[in-house]
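What's in target.cif: mmCIF, C-alpha atoms and all ligand atoms
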```cif
data_input
#
loop_
_atom_site.label_atom_id
_atom_site.label_comp_id
_atom_site.auth_asym_id
_atom_site.auth_seq_id
_atom_site.Cartn_x
_atom_site.Cartn_y
_atom_site.Cartn_z
CA MET A 953 -1.33 -18.77 90.63
CA ALA A 954 -5.10 -18.37 90.03
CA VAL A 955 -6.22 -16.27 87.10
CA THR A 956 -9.56 -14.48 86.87
CA VAL A 957 -11.61 -14.16 83.70
CA VAL A 958 -10.67 -11.14 81.58
CA ARG A 959 -13.62 -9.24 80.14
CA LYS A 960 -13.92 -9.05 76.34
CA PHE A 961 -12.19 -6.01 74.78
CA ASN A 962 -14.81 -3.53 73.56
CA LYS A 963 -13.17 -1.75 70.62
CA THR A 964 -16.07 0.70 70.27
CA GLN A 965 -15.26 2.25 73.66
CA ILE A 966 -11.80 3.43 72.58
CA PRO A 967 -11.72 6.90 70.96
CA THR A 968 -9.33 6.95 68.00
CA ASP A 969 -10.44 10.13 66.23
CA PHE A 970 -7.91 12.46 67.91
CA PHE A 971 -5.02 11.72 65.54
CA SER A 972 -4.55 14.78 63.30
CA ILE A 973 -4.47 14.29 59.52
CA LYS A 974 -0.76 15.19 59.53
CA GLU A 975 -0.06 12.63 62.26
CA GLN A 976 -2.04 9.94 60.40
CA GLN A 977 -0.12 10.63 57.17
CA LYS A 978 3.22 10.39 58.99
CA ILE A 979 2.27 7.11 60.69
CA ASN A 980 0.89 5.52 57.51
CA LYS A 981 4.01 6.60 55.56
CA PHE A 982 6.27 4.97 58.16
CA LEU A 983 4.19 1.77 58.08
CA LEU A 984 4.11 1.57 54.27
CA ASN A 985 7.77 2.49 53.65
CA ASN A 986 10.48 -0.16 53.90
CA LEU A 987 8.02 -3.05 54.06
CA GLN A 988 10.95 -5.47 54.03
CA LEU A 989 11.82 -4.37 57.60
CA GLY A 990 10.16 -6.30 60.44
CA LEU A 991 7.81 -4.22 62.61
CA ASP A 992 8.23 -3.93 66.39
CA ILE A 993 6.22 -1.78 68.82
CA GLU A 994 7.31 -0.48 72.23
CA VAL A 995 4.49 0.48 74.59
CA GLY A 996 5.26 3.09 77.27
CA CYS A 997 8.86 3.79 76.24
CA GLY A 998 9.32 6.67 78.73
CA VAL A 999 12.18 8.95 77.68
CA GLY A 1000 13.11 6.56 74.86
CA LEU A 1001 16.51 5.06 75.78
CA HIS A 1002 15.54 1.56 74.60
CA PRO A 1003 13.99 2.38 71.22
CA LEU A 1004 16.90 4.69 70.29
CA GLU A 1005 19.48 2.00 71.06
CA TYR A 1006 17.36 -0.78 69.55
CA ALA A 1007 16.94 1.14 66.27
CA ARG A 1008 20.69 1.82 66.14
CA LEU A 1009 21.58 -1.86 66.63
CA ASN A 1010 18.84 -3.43 64.48
CA GLU A 1011 18.98 -2.11 60.94
CA SER A 1012 16.66 -4.85 59.66
CA LYS A 1013 13.86 -3.64 61.93
CA LYS A 1014 11.55 -0.67 62.30
CA ILE A 1015 10.17 0.21 65.68
CA ILE A 1016 7.27 2.43 66.71
CA ALA A 1017 7.78 3.71 70.26
CA LEU A 1018 4.74 5.03 72.12
CA GLU A 1019 4.67 7.20 75.24
CA ARG A 1020 1.49 8.95 76.32
CA THR A 1021 2.95 11.14 79.11
CA LYS A 1022 3.78 14.38 77.33
CA THR A 1023 6.75 15.45 79.50
CA LYS A 1024 8.48 12.09 78.96
CA PHE A 1025 7.57 12.04 75.28
CA ASN A 1026 9.05 15.50 74.73
CA LYS A 1027 12.37 14.40 76.28
CA PHE A 1028 12.31 11.35 73.99
CA LEU A 1029 11.56 13.54 70.96
CA ASN A 1030 14.45 15.90 71.81
CA ARG A 1031 16.80 12.90 72.08
CA PHE A 1032 15.44 11.49 68.79
CA ASN A 1033 15.99 14.82 66.99
CA SER A 1034 19.56 15.16 68.25
CA HIS A 1035 20.40 11.53 67.23
CA LEU A 1036 18.93 12.28 63.80
CA LYS A 1037 21.70 14.82 63.11
CA ASN A 1038 24.34 12.06 63.09
CA GLN A 1039 22.05 9.21 62.05
CA PRO A 1040 19.76 10.55 59.28
CA LYS A 1041 18.55 7.01 58.48
CA LEU A 1042 17.13 6.72 61.98
CA GLN A 1043 13.82 8.07 60.73
CA ASP A 1044 13.37 4.97 58.54
CA HIS A 1045 13.78 2.75 61.60
CA LEU A 1046 12.18 4.57 64.52
CA LEU A 1047 8.89 6.45 64.80
CA PRO A 1048 8.20 8.20 68.14
CA VAL A 1049 4.45 8.59 68.84
CA GLY A 1050 3.20 10.62 71.81
CA GLU A 1051 -0.23 9.02 72.09
CA ASP A 1052 -1.99 6.21 73.90
CA ALA A 1053 -0.81 2.82 72.65
CA ILE A 1054 -4.21 1.12 72.72
CA ALA A 1055 -5.88 3.75 70.52
CA PHE A 1056 -2.84 3.75 68.23
CA ILE A 1057 -2.76 -0.02 67.75
CA LEU A 1058 -6.52 -0.16 67.23
CA LYS A 1059 -6.42 2.54 64.54
CA PHE A 1060 -3.23 1.72 62.64
CA ILE A 1061 -2.02 -1.83 63.19
CA LYS A 1062 -3.40 -4.72 61.16
CA GLN A 1063 -3.80 -8.26 62.44
CA LYS A 1064 -0.69 -10.49 62.37
CA THR A 1065 1.77 -7.75 61.31
CA VAL A 1066 3.94 -7.20 64.42
CA ASP A 1067 7.08 -9.21 65.17
CA ASN A 1068 7.68 -8.00 68.72
CA TYR A 1069 6.00 -5.93 71.39
CA PHE A 1070 8.12 -4.47 74.20
CA LEU A 1071 6.54 -3.78 77.59
CA LEU A 1072 9.55 -2.69 79.60
CA HIS A 1073 8.70 -1.84 83.20
CA PRO A 1074 5.00 -1.11 82.78
CA ASN A 1075 3.24 0.68 85.65
CA PRO A 1076 2.84 -2.10 88.26
CA TYR A 1077 -0.56 -1.04 89.70
CA PRO A 1078 0.05 -3.01 92.94
CA LYS A 1079 -3.42 -2.47 94.48
CA LEU A 1080 -5.68 -5.53 94.22
CA LYS A 1081 -8.50 -3.44 92.77
CA HIS A 1082 -6.22 -2.36 89.92
CA LEU A 1083 -5.60 -5.86 88.55
CA ASN A 1084 -7.41 -4.91 85.32
CA LYS A 1085 -4.87 -2.11 84.70
CA ARG A 1086 -1.93 -4.55 84.54
CA TRP A 1087 -1.22 -5.37 80.90
CA HIS A 1088 -1.63 -9.16 81.17
CA ALA A 1089 -5.07 -8.74 82.86
CA MET A 1090 -6.30 -5.97 80.54
CA PRO A 1091 -8.95 -6.72 77.90
CA ALA A 1092 -6.74 -4.74 75.47
CA MET A 1093 -4.09 -7.48 75.65
CA SER A 1094 -6.27 -9.26 73.05
CA LEU A 1095 -5.35 -6.44 70.64
CA LEU A 1096 -1.62 -7.02 71.14
CA VAL A 1097 -2.08 -10.76 70.66
CA GLU A 1098 -4.19 -10.45 67.49
CA THR A 1099 -1.78 -7.96 65.87
CA LEU A 1100 1.24 -10.21 66.58
CA LYS A 1101 2.39 -12.45 63.75
CA PRO A 1102 2.27 -16.19 64.48
CA GLY A 1103 5.56 -16.86 66.26
CA GLY A 1104 5.80 -13.17 67.28
CA CYS A 1105 6.86 -12.21 70.81
CA ILE A 1106 5.92 -9.97 73.74
CA HIS A 1107 8.95 -8.92 75.80
CA LEU A 1108 8.13 -8.01 79.39
CA ALA A 1109 10.50 -6.67 82.06
CA THR A 1110 9.62 -5.73 85.63
CA ASN A 1111 11.31 -5.40 89.02
CA GLN A 1112 8.10 -6.60 90.74
CA GLU A 1113 8.08 -10.35 91.38
CA TYR A 1114 4.28 -10.50 91.88
CA TYR A 1115 3.78 -8.81 88.50
CA TYR A 1116 6.17 -11.24 86.82
CA LYS A 1117 4.52 -14.34 88.35
CA GLU A 1118 1.04 -13.07 87.57
CA ALA A 1119 2.05 -12.27 83.98
CA LEU A 1120 3.44 -15.80 83.58
CA SER A 1121 0.02 -17.23 84.60
CA TYR A 1122 -2.16 -14.88 82.57
CA MET A 1123 -0.09 -14.89 79.40
CA GLN A 1124 -0.06 -18.69 79.29
CA ASN A 1125 -3.56 -19.49 80.61
CA ILE A 1126 -5.65 -16.63 79.25
CA TRP A 1127 -3.71 -15.50 76.18
CA LYS A 1128 -2.32 -18.93 75.21
CA LEU A 1129 1.24 -17.69 74.69
CA SER A 1130 4.24 -19.86 75.51
CA VAL A 1131 7.34 -18.80 77.43
CA LYS A 1132 10.22 -18.54 74.97
CA SER A 1133 12.75 -17.50 77.61
CA LYS A 1134 12.93 -16.10 81.13
CA ASN A 1135 15.86 -14.62 83.04
CA THR A 1136 16.50 -12.72 86.22
CA TYR A 1137 19.17 -10.02 86.08
CA TYR A 1138 21.02 -8.03 88.73
CA LYS A 1139 23.39 -5.07 88.64
CA ASN A 1140 26.53 -6.00 86.63
CA ASP A 1141 24.59 -8.66 84.63
CA ILE A 1142 23.25 -6.06 82.19
CA LYS A 1143 23.74 -2.37 81.52
CA GLY A 1144 20.08 -1.48 81.86
CA ARG A 1145 18.02 -0.77 78.75
CA THR A 1146 15.64 1.87 80.06
CA HIS A 1147 15.64 4.76 82.52
CA PHE A 1148 13.64 2.73 85.06
CA GLU A 1149 15.72 -0.41 84.54
CA ILE A 1150 18.94 1.51 85.24
CA LYS A 1151 17.36 2.98 88.39
CA TYR A 1152 16.13 -0.43 89.66
CA LEU A 1153 19.49 -2.14 88.98
CA ASN A 1154 21.30 0.63 90.89
CA MET A 1155 18.89 0.15 93.80
CA GLY A 1156 19.90 -3.57 93.92
CA ASP A 1157 16.56 -4.86 92.59
CA ALA A 1158 16.23 -7.99 90.50
CA ILE A 1159 14.94 -7.49 86.96
CA PHE A 1160 12.56 -10.23 85.80
CA ASN A 1161 12.67 -10.49 82.04
CA VAL A 1162 10.40 -12.82 80.09
CA ILE A 1163 9.69 -13.32 76.39
CA PHE A 1164 6.25 -14.73 75.52
CA GLN A 1165 5.64 -16.25 72.09
CA LYS A 1166 2.45 -16.59 70.06
CA PRO A 1167 1.97 -20.08 68.62
CA MET A 1168 3.18 -20.57 65.01
CA LEU A 1169 -0.14 -22.20 64.13
CA ASP A 1170 -2.66 -19.54 65.03
C1 LIG B 1201 6.95 2.90 84.70
S1 LIG B 1201 7.08 3.84 83.25
C2 LIG B 1201 8.40 3.00 82.38
C3 LIG B 1201 8.96 3.80 81.25
C4 LIG B 1201 10.09 3.10 80.46
N1 LIG B 1201 9.60 1.91 79.79
C5 LIG B 1201 11.24 2.78 81.35
O1 LIG B 1201 11.42 1.58 81.67
O2 LIG B 1201 11.99 3.69 81.71
C6 LIG B 1201 5.67 3.28 82.32
C7 LIG B 1201 5.34 4.22 81.18
O3 LIG B 1201 4.31 3.67 80.37
C8 LIG B 1201 3.52 4.74 79.89
N2 LIG B 1201 2.22 4.15 79.48
C9 LIG B 1201 1.39 3.42 80.23
N3 LIG B 1201 0.32 3.04 79.52
C10 LIG B 1201 0.49 3.54 78.27
C11 LIG B 1201 -0.29 3.51 77.09
N4 LIG B 1201 -1.47 2.88 77.05
N5 LIG B 1201 0.18 4.13 76.00
C12 LIG B 1201 1.36 4.80 76.02
N6 LIG B 1201 2.14 4.88 77.11
C13 LIG B 1201 1.71 4.26 78.23
C14 LIG B 1201 3.42 5.70 81.06
O4 LIG B 1201 3.13 7.01 80.63
C15 LIG B 1201 4.82 5.58 81.66
O5 LIG B 1201 5.68 6.57 81.15
#
```

Could you spell out this file's structure in structure tokens?
Amino acid sequence: MAVTVVRKFNKTQIPTDFFSIKEQQKINKFLLNNLQLGLDIEVGCGVGLHPLEYARLNESKKIIALERTKTKFNKFLNRFNSHLKNQPKLQDHLLPVGEDAIAFILKFIKQKTVDNYFLLHPNPYPKLKHLNKRWHAMPAMSLLVETLKPGGCIHLATNQEYYYKEALSYMQNIWKLSVKSKNTYYKNDIKGRTHFEIKYLNMGDAIFNVIFQKPMLD
């Protein structure tokens, strides 16, 4: 599949001054606490099913889960607060953030500090003219790649085969990541990790799941 040139990411065009002082303090505290835990970031986590389960199962990790749509984020936050009653340590492992992921990463995340990014069922933007809104063809993908540790991974899931094939081309040819693993799942193969994934599996769709890896020698 042909790939087109991706324009250079212009960091100066991204506003990052909307984080309140309180929000900044909370984020920096989460980042600085428990430095022994590996850092993962989920972009566009919707109502938060995956980060809640991931944090429960992975005690050696901390995950920041970002969702910019306020209605979805509020559902996630309600779920997070009710889990917190039985799992008080959850707040050491999971930080919900209701802001745009690009501005967040630009402001708070240092180069080569992230173990894993999760992009689970990103908006597919199927129109040709919206190619530059798909994550693999976005200039901002350079930000995800530069904040990944060498050997770190980007996990992508989609039910759209064109998106999956295009991501395979762009991630390897433009972003110089390798494919660590790729699988196709159907209903009964997996439970479904996110709200959208459960919906797509129930509709009989295939789920294309791929893990891209940054080279160890960066
Ligand atoms: C198709 S939904 C999938 C939600 C969830 N991952 C799931 O599988 O159920 C994509 C989500 O990504 C969010 N999103 C897209 N771009 C984002 C960004 N730059 N920062 C934060 N959230 C973003 C949208 O608001 C939307 O809720």

### Query
Which residue gives the smallest distance to ligand LIG 1201 (chain B) among A:Asn962, A:Thr1136, A:Thr1110, A:Thr1146, with all atoms listed in the file counted?
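Closest residue, counting all atoms listed in the file: A:Thr1146.
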
### Message
Neighbours of ligand LIG 1201 (chain B) at 10 Å or closer, counting all atoms listed in the file: which residues, as a PyMOL selection string?
### Response
chain A and resi 994-1003+1017-1025+1049-1057+1070-1077+1085-1087+1092+1109-1110+1144-1152

Restrict the selected residues to C-alpha atoms and save them as a PDB file, in the frame of the given file.
```
ATOM      1  CA  GLU A 994       7.310  -0.480  72.230  1.00  0.00           C
ATOM      2  CA  VAL A 995       4.490   0.480  74.590  1.00  0.00           C
ATOM      3  CA  GLY A 996       5.260   3.090  77.270  1.00  0.00           C
ATOM      4  CA  CYS A 997       8.860   3.790  76.240  1.00  0.00           C
ATOM      5  CA  GLY A 998       9.320   6.670  78.730  1.00  0.00           C
ATOM      6  CA  VAL A 999      12.180   8.950  77.680  1.00  0.00           C
ATOM      7  CA  GLY A1000      13.110   6.560  74.860  1.00  0.00           C
ATOM      8  CA  LEU A1001      16.510   5.060  75.780  1.00  0.00           C
ATOM      9  CA  HIS A1002      15.540   1.560  74.600  1.00  0.00           C
ATOM     10  CA  PRO A1003      13.990   2.380  71.220  1.00  0.00           C
ATOM     11  CA  ALA A1017       7.780   3.710  70.260  1.00  0.00           C
ATOM     12  CA  LEU A1018       4.740   5.030  72.120  1.00  0.00           C
ATOM     13  CA  GLU A1019       4.670   7.200  75.240  1.00  0.00           C
ATOM     14  CA  ARG A1020       1.490   8.950  76.320  1.00  0.00           C
ATOM     15  CA  THR A1021       2.950  11.140  79.110  1.00  0.00           C
ATOM     16  CA  LYS A1022       3.780  14.380  77.330  1.00  0.00           C
ATOM     17  CA  THR A1023       6.750  15.450  79.500  1.00  0.00           C
ATOM     18  CA  LYS A1024       8.480  12.090  78.960  1.00  0.00           C
ATOM     19  CA  PHE A1025       7.570  12.040  75.280  1.00  0.00           C
ATOM     20  CA  VAL A1049       4.450   8.590  68.840  1.00  0.00           C
ATOM     21  CA  GLY A1050       3.200  10.620  71.810  1.00  0.00           C
ATOM     22  CA  GLU A1051      -0.230   9.020  72.090  1.00  0.00           C
ATOM     23  CA  ASP A1052      -1.990   6.210  73.900  1.00  0.00           C
ATOM     24  CA  ALA A1053      -0.810   2.820  72.650  1.00  0.00           C
ATOM     25  CA  ILE A1054      -4.210   1.120  72.720  1.00  0.00           C
ATOM     26  CA  ALA A1055      -5.880   3.750  70.520  1.00  0.00           C
ATOM     27  CA  PHE A1056      -2.840   3.750  68.230  1.00  0.00           C
ATOM     28  CA  ILE A1057      -2.760  -0.020  67.750  1.00  0.00           C
ATOM     29  CA  PHE A1070       8.120  -4.470  74.200  1.00  0.00           C
ATOM     30  CA  LEU A1071       6.540  -3.780  77.590  1.00  0.00           C
ATOM     31  CA  LEU A1072       9.550  -2.690  79.600  1.00  0.00           C
ATOM     32  CA  HIS A1073       8.700  -1.840  83.200  1.00  0.00           C
ATOM     33  CA  PRO A1074       5.000  -1.110  82.780  1.00  0.00           C
ATOM     34  CA  ASN A1075       3.240   0.680  85.650  1.00  0.00           C
ATOM     35  CA  PRO A1076       2.840  -2.100  88.260  1.00  0.00           C
ATOM     36  CA  TYR A1077      -0.560  -1.040  89.700  1.00  0.00           C
ATOM     37  CA  LYS A1085      -4.870  -2.110  84.700  1.00  0.00           C
ATOM     38  CA  ARG A1086      -1.930  -4.550  84.540  1.00  0.00           C
ATOM     39  CA  TRP A1087      -1.220  -5.370  80.900  1.00  0.00           C
ATOM     40  CA  ALA A1092      -6.740  -4.740  75.470  1.00  0.00           C
ATOM     41  CA  ALA A1109      10.500  -6.670  82.060  1.00  0.00           C
ATOM     42  CA  THR A1110       9.620  -5.730  85.630  1.00  0.00           C
ATOM     43  CA  GLY A1144      20.080  -1.480  81.860  1.00  0.00           C
ATOM     44  CA  ARG A1145      18.020  -0.770  78.750  1.00  0.00           C
ATOM     45  CA  THR A1146      15.640   1.870  80.060  1.00  0.00           C
ATOM     46  CA  HIS A1147      15.640   4.760  82.520  1.00  0.00           C
ATOM     47  CA  PHE A1148      13.640   2.730  85.060  1.00  0.00           C
ATOM     48  CA  GLU A1149      15.720  -0.410  84.540  1.00  0.00           C
ATOM     49  CA  ILE A1150      18.940   1.510  85.240  1.00  0.00           C
ATOM     50  CA  LYS A1151      17.360   2.980  88.390  1.00  0.00           C
ATOM     51  CA  TYR A1152      16.130  -0.430  89.660  1.00  0.00           C
TER      52      TYR A1152
END
```

### Task
Determine, counting only C-alpha atoms, which protein, DNA and RNA residues have an atom within 10 Å of an atom of A:Val957; residues of the same chain fewer than 6 positions away are not included. Present the result as a list in words.
Ala1089, Pro1091, Tyr1122 and Ile1126 of chain A

### Message
If I take atom CA of A:Asn1033 and atom CA of A:Asn980, how far is one from the other in Å, to one decimal?
### Response
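The value is 20.1 Å.
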
#### Entry: Distance query A:Val1066 at most 10 Å, only C-alpha atoms, self and fewer than 5 positions along chain excluded, as a PyMOL selection string
chain A and resi 990-993+1015+1061+1096-1106

How would the residues just picked look written out with C-alpha atoms as a PDB file, in the coordinates of the input?
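In the end it all went to result.pdb:
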```
ATOM      1  CA  GLY A 990      10.160  -6.300  60.440  1.00  0.00           C
ATOM      2  CA  LEU A 991       7.810  -4.220  62.610  1.00  0.00           C
ATOM      3  CA  ASP A 992       8.230  -3.930  66.390  1.00  0.00           C
ATOM      4  CA  ILE A 993       6.220  -1.780  68.820  1.00  0.00           C
ATOM      5  CA  ILE A1015      10.170   0.210  65.680  1.00  0.00           C
ATOM      6  CA  ILE A1061      -2.020  -1.830  63.190  1.00  0.00           C
ATOM      7  CA  LEU A1096      -1.620  -7.020  71.140  1.00  0.00           C
ATOM      8  CA  VAL A1097      -2.080 -10.760  70.660  1.00  0.00           C
ATOM      9  CA  GLU A1098      -4.190 -10.450  67.490  1.00  0.00           C
ATOM     10  CA  THR A1099      -1.780  -7.960  65.870  1.00  0.00           C
ATOM     11  CA  LEU A1100       1.240 -10.210  66.580  1.00  0.00           C
ATOM     12  CA  LYS A1101       2.390 -12.450  63.750  1.00  0.00           C
ATOM     13  CA  PRO A1102       2.270 -16.190  64.480  1.00  0.00           C
ATOM     14  CA  GLY A1103       5.560 -16.860  66.260  1.00  0.00           C
ATOM     15  CA  GLY A1104       5.800 -13.170  67.280  1.00  0.00           C
ATOM     16  CA  CYS A1105       6.860 -12.210  70.810  1.00  0.00           C
ATOM     17  CA  ILE A1106       5.920  -9.970  73.740  1.00  0.00           C
TER      18      ILE A1106
END
```

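From atom CA of A:Leu1169 back to atom CA of A:Thr964, the distance works out to 28.6 Å.
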
### Query
Which one is closest to A:Gln1124: A:Phe1164, A:Tyr1069, A:Tyr1138, A:Phe970? Count only C-alpha atoms.
A:Phe1164

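One finds atom CA of A:Leu1047 at 8.0 Å from atom CA of A:Lys1014.
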
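Between A:Asn1068 and the candidates A:Gln1165, A:Asn986, A:Glu1005, A:Gln1112, the tightest atom-to-atom separation, counting all atoms listed in the file, involves A:Gln1165.
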
## Note on the structure
Of A:Lys1062, A:Phe961, A:Pro967, A:Phe1032, the one nearest to A:Leu983 when counting all atoms listed in the file is A:Lys1062

Fill-in result for stretch 1123-1135 of chain A, N, CA and C atoms as a short mmCIF file (atom, residue, chain, number, x, y, z; two decimals), keeping the file's coordinate frame:
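Saved file rebuild.cif follows:
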```
data_model
loop_
_atom_site.label_atom_id
_atom_site.label_comp_id
_atom_site.auth_asym_id
_atom_site.auth_seq_id
_atom_site.Cartn_x
_atom_site.Cartn_y
_atom_site.Cartn_z
N MET A 1123 -0.50 -14.82 80.81
CA MET A 1123 -0.09 -14.89 79.40
C MET A 1123 -0.20 -16.32 78.88
N GLN A 1124 0.04 -17.30 79.75
CA GLN A 1124 -0.06 -18.69 79.29
C GLN A 1124 -1.52 -19.18 79.33
N ASN A 1125 -2.22 -18.91 80.44
CA ASN A 1125 -3.56 -19.49 80.61
C ASN A 1125 -4.65 -18.73 79.89
N ILE A 1126 -4.58 -17.41 79.90
CA ILE A 1126 -5.65 -16.63 79.25
C ILE A 1126 -5.30 -16.36 77.78
N TRP A 1127 -4.05 -15.95 77.54
CA TRP A 1127 -3.71 -15.50 76.18
C TRP A 1127 -3.04 -16.58 75.34
N LYS A 1128 -2.82 -17.73 75.93
CA LYS A 1128 -2.32 -18.93 75.21
C LYS A 1128 -0.98 -18.68 74.52
N LEU A 1129 -0.13 -17.90 75.18
CA LEU A 1129 1.24 -17.69 74.69
C LEU A 1129 2.16 -18.66 75.43
N SER A 1130 3.27 -19.01 74.79
CA SER A 1130 4.24 -19.86 75.51
C SER A 1130 5.40 -18.99 75.99
N VAL A 1131 6.17 -19.54 76.92
CA VAL A 1131 7.34 -18.80 77.43
C VAL A 1131 8.54 -19.19 76.58
N LYS A 1132 9.06 -18.24 75.82
CA LYS A 1132 10.22 -18.54 74.97
C LYS A 1132 11.50 -18.53 75.79
N SER A 1133 11.59 -17.53 76.71
CA SER A 1133 12.75 -17.50 77.61
C SER A 1133 12.41 -16.67 78.84
N LYS A 1134 13.06 -16.96 79.95
CA LYS A 1134 12.93 -16.10 81.13
C LYS A 1134 14.26 -16.05 81.88
N ASN A 1135 14.59 -14.85 82.35
CA ASN A 1135 15.86 -14.62 83.04
C ASN A 1135 15.65 -13.61 84.16
#
```
